[in-house]
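This is work_29.pdb (PDB, C-alpha atoms).
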```
ATOM      1  CA  ASN I 288      98.199   3.733-144.374
ATOM      2  CA  PRO I 289      99.788   2.200-141.229
ATOM      3  CA  SER I 290     100.937   5.547-139.827
ATOM      4  CA  GLN I 291      97.711   7.516-140.384
ATOM      5  CA  THR I 292      96.281   8.605-137.026
ATOM      6  CA  VAL I 293      93.123  10.457-138.079
ATOM      7  CA  GLY I 294      89.909   8.455-137.807
ATOM      8  CA  VAL I 295      91.604   5.174-136.810
ATOM      9  CA  ALA I 296      89.755   4.472-133.551
ATOM     10  CA  ALA I 297      86.173   4.709-132.360
ATOM     11  CA  TYR I 298      84.521   3.597-129.149
ATOM     12  CA  SER I 299      81.003   2.960-127.910
ATOM     13  CA  SER I 300      79.703   3.300-124.374
ATOM     14  CA  ASP I 301      76.213   1.982-125.180
ATOM     15  CA  GLU I 302      76.917  -1.476-126.624
ATOM     16  CA  GLY I 303      77.368  -0.197-130.163
ATOM     17  CA  ALA I 304      74.229   1.879-130.582
ATOM     18  CA  THR I 305      76.375   4.992-131.115
ATOM     19  CA  TRP I 306      80.094   5.452-131.824
ATOM     20  CA  HIS I 307      82.545   8.289-131.147
ATOM     21  CA  LEU I 308      85.983   8.936-132.641
ATOM     22  CA  ALA I 309      88.786   8.731-130.091
ATOM     23  CA  SER I 310      89.791  12.196-128.887
ATOM     24  CA  VAL I 311      93.444  11.035-128.698
ATOM     25  CA  PRO I 312      93.816   8.184-131.210
ATOM     26  CA  PRO I 313      96.411   5.412-131.259
ATOM     27  CA  GLY I 314      99.612   5.987-133.213
ATOM     28  CA  GLY I 315      98.301   4.507-136.466
ATOM     29  CA  TYR I 316      96.442   1.507-137.879
ATOM     30  CA  ARG I 317      95.904  -1.200-135.244
ATOM     31  CA  SER I 318      95.082  -4.758-136.283
ATOM     32  CA  GLY I 319      94.552  -6.288-132.839
ATOM     33  CA  VAL I 320      92.743  -5.094-129.724
ATOM     34  CA  ALA I 321      92.395  -6.784-126.328
ATOM     35  CA  ILE I 322      90.551  -5.748-123.189
ATOM     36  CA  VAL I 323      92.105  -6.193-119.755
ATOM     37  CA  GLY I 324      88.942  -5.426-117.842
ATOM     38  CA  GLY I 325      86.688  -2.483-117.393
ATOM     39  CA  PRO I 326      87.959   0.413-119.456
ATOM     40  CA  ILE I 327      91.551  -0.797-120.138
ATOM     41  CA  LEU I 328      92.329  -1.686-123.765
ATOM     42  CA  TYR I 329      95.501  -2.566-125.661
ATOM     43  CA  ALA I 330      95.861  -2.127-129.420
ATOM     44  CA  VAL I 331      98.737  -3.361-131.624
ATOM     45  CA  GLY I 332      99.685  -2.805-135.249
ATOM     46  CA  PRO I 333     102.561  -2.373-137.670
ATOM     47  CA  THR I 334     103.745   0.912-136.111
ATOM     48  CA  GLY I 335     103.548  -0.116-132.455
ATOM     49  CA  ALA I 336     101.257  -0.579-129.491
ATOM     50  CA  ASP I 337      98.992   1.721-127.490
ATOM     51  CA  VAL I 338      97.004   1.495-124.270
ATOM     52  CA  SER I 339      93.745   3.198-123.295
ATOM     53  CA  SER I 340      92.573   3.403-119.697
ATOM     54  CA  ASP I 341      89.253   5.098-120.494
ATOM     55  CA  GLY I 342      87.486   2.659-122.797
ATOM     56  CA  GLY I 343      89.109   3.848-126.034
ATOM     57  CA  ASP I 344      88.669   7.627-125.942
ATOM     58  CA  THR I 345      92.357   8.436-125.332
ATOM     59  CA  TRP I 346      95.370   6.295-126.230
ATOM     60  CA  ARG I 347      99.024   6.346-125.120
ATOM     61  CA  HIS I 348     101.747   4.862-127.343
ATOM     62  CA  PHE I 349     104.202   2.584-125.511
ATOM     63  CA  ASN I 350     106.329   0.730-128.086
ATOM     64  CA  ASN I 351     107.273   0.621-131.780
ATOM     65  CA  LEU I 352     107.215  -3.144-132.423
ATOM     66  CA  ASN I 353     105.478  -4.408-135.565
ATOM     67  CA  LEU I 354     102.687  -6.496-134.010
ATOM     68  CA  ASN I 355      99.554  -8.041-135.539
ATOM     69  CA  ALA I 356      97.642  -9.706-132.707
ATOM     70  CA  VAL I 357      97.350  -9.398-128.930
ATOM     71  CA  ALA I 358      95.794 -11.546-126.180
ATOM     72  CA  ILE I 359      95.367 -10.790-122.493
ATOM     73  CA  LEU I 360      95.507 -13.927-120.359
ATOM     74  CA  ASP I 361      94.884 -12.206-117.038
ATOM     75  CA  ILE I 362      95.676  -8.934-115.270
ATOM     76  CA  SER I 363      99.411  -9.737-115.299
ATOM     77  CA  ASN I 364     100.049 -11.548-118.597
ATOM     78  CA  MET I 365      99.829 -10.294-122.176
ATOM     79  CA  TRP I 366     101.048 -11.992-125.364
ATOM     80  CA  ALA I 367     101.426 -10.412-128.790
ATOM     81  CA  ALA I 368     102.570 -11.740-132.159
ATOM     82  CA  GLY I 369     103.945  -9.870-135.134
ATOM     83  CA  ALA I 370     105.923  -9.877-138.328
ATOM     84  CA  HIS I 371     108.764 -12.326-138.974
ATOM     85  CA  GLY I 372     107.780 -14.589-136.062
ATOM     86  CA  THR I 373     107.968 -11.907-133.384
ATOM     87  CA  ILE I 374     106.403 -13.038-130.107
ATOM     88  CA  VAL I 375     106.177 -10.733-127.110
ATOM     89  CA  ALA I 376     105.262 -11.823-123.585
ATOM     90  CA  ARG I 377     104.732  -9.123-120.990
ATOM     91  CA  THR I 378     104.297 -10.047-117.361
ATOM     92  CA  ALA I 379     103.884  -6.507-116.049
ATOM     93  CA  ILE I 380     101.035  -4.914-117.978
ATOM     94  CA  ILE I 381     101.370  -1.149-118.522
ATOM     95  CA  PHE I 382      98.429   1.029-117.492
TER
END
```

Rewrite the structure of this file - the entire thing - as structure tokens.
Amino acid sequence: NPSQTVGVAAYSSDEGATWHLASVPPGGYRSGVAIVGGPILYAVGPTGADVSSDGGDTWRHFNNLNLNAVAILDISNMWAAGAHGTIVARTAIIF
């Protein structure tokens, strides 16, 4: 269910030994995740994109594009790809 938000994200702070559900999850199923550095993560999926600045515990929704994959090239450049040939390039990464 692409719009289900319960139980859709978990994070680990001990290299995967234990996992915790996100206290504020992303806005639905997310098929791609990229890390900017440190605790900053981006997640994309069919109902939009979200960013976490605390390692995945809380997420903030920032667009409604149908995206499937995301890549962070450096601190200033992010690319995402989605349905029907959608390609998104962002030069100012949102935190």

* Applied to the shown file, which residues does the PyMOL selection byres ((chain I and resi 362) around 9) return, written as a list in words? -> Val323, Gly324, Ile359, Leu360, Asp361, Ser363, Asn364, Met365, Thr378, Ala379 and Ile380 of chain I

Serialized selection, C-alpha atoms, as a tab-separated table (two decimals), in the coordinates of the input:
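Okay, this is what ended up in part_23.tsv:
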```tsv
chain	number	residue	atom	x	y	z
I	323	VAL	CA	92.10	-6.19	-119.76
I	324	GLY	CA	88.94	-5.43	-117.84
I	359	ILE	CA	95.37	-10.79	-122.49
I	360	LEU	CA	95.51	-13.93	-120.36
I	361	ASP	CA	94.88	-12.21	-117.04
I	363	SER	CA	99.41	-9.74	-115.30
I	364	ASN	CA	100.05	-11.55	-118.60
I	365	MET	CA	99.83	-10.29	-122.18
I	378	THR	CA	104.30	-10.05	-117.36
I	379	ALA	CA	103.88	-6.51	-116.05
I	380	ILE	CA	101.04	-4.91	-117.98
```

* To do: Find the residues around Leu352 in chain I up to 9 Å (only C-alpha atoms counted), leave out those fewer than 6 positions away in its own chain, and share them as a VMD selection string.
  => chain I and resid 331 to 336 369 373

* To do: For Ser340 in chain I, list every protein, DNA or RNA residue within 9 Å, evaluated using all atoms listed in the file, and leave out those in the same chain fewer than 5 positions away; present the list as a list of chain:residue names.
  => I:Gly325, I:Pro326, I:Ile327, I:Leu328, I:Tyr329, I:Thr345, I:Trp346, I:Arg347, I:Phe382

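The neighbours of Gly319 in chain I here are the residues that come within 6 Å of it, using only C-alpha atoms and leaving out any residue fewer than 3 positions away in the same chain; they are Ala330, Val331, Asn355, Ala356 and Val357 of chain I.
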
* Take CA of Ile374 in chain I and CA of Asn353 in chain I and report the distance between them in Å, one decimal. =>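 Going from CA of Ile374 in chain I over to CA of Asn353 in chain I covers 10.3 Å.
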
* To do: Compare I:Gly342, I:His348, I:Leu354, I:Val375 by their minimum atom-to-atom distance to Glu302 in chain I, counting only C-alpha atoms, and give me the closest one.
  =>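 Answer, going by the shortest atom-to-atom distance: I:Gly342.
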
* Asked: Pick from I:Val311, I:Asp337, I:Arg377, I:Ala367: nearest to Val293 in chain I, with all atoms listed in the file counted?
  ->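 Among the listed residues, I:Val311 lies closest to Val293 in chain I.
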
* To do: Measure the distance from CA of Val338 in chain I to CA of Thr305 in chain I in Å and round it to one decimal.
  =>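 Computed distance, CA of Val338 in chain I to CA of Thr305 in chain I, equals 22.0 Å.
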
* Nearest to Gly314 in chain I by atom-to-atom distance, counting all atoms listed in the file, from I:Tyr298, I:Phe349, I:Trp366, I:Asp341 -> I:Phe349

* **Which of I:Gly343, I:Pro312, I:Asn350, I:Trp306 sits closest to Gly294 in chain I [using all atoms listed in the file]** =>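 Going through I:Gly343, I:Pro312, I:Asn350, I:Trp306 one by one, the smallest distance to Gly294 in chain I is for I:Pro312.
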
* Asked: Expressed in Å to a single decimal, how great is the separation between CA of Ala297 in chain I and CA of Ser310 in chain I?
  ->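 Separation of CA of Ala297 in chain I and CA of Ser310 in chain I: 9.0 Å.
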
* Determine the nearest neighbour of Val320 in chain I from the options I:Ala358, I:Ser299, I:Asn351, I:Gln291, counting only C-alpha atoms. => I:Ala358
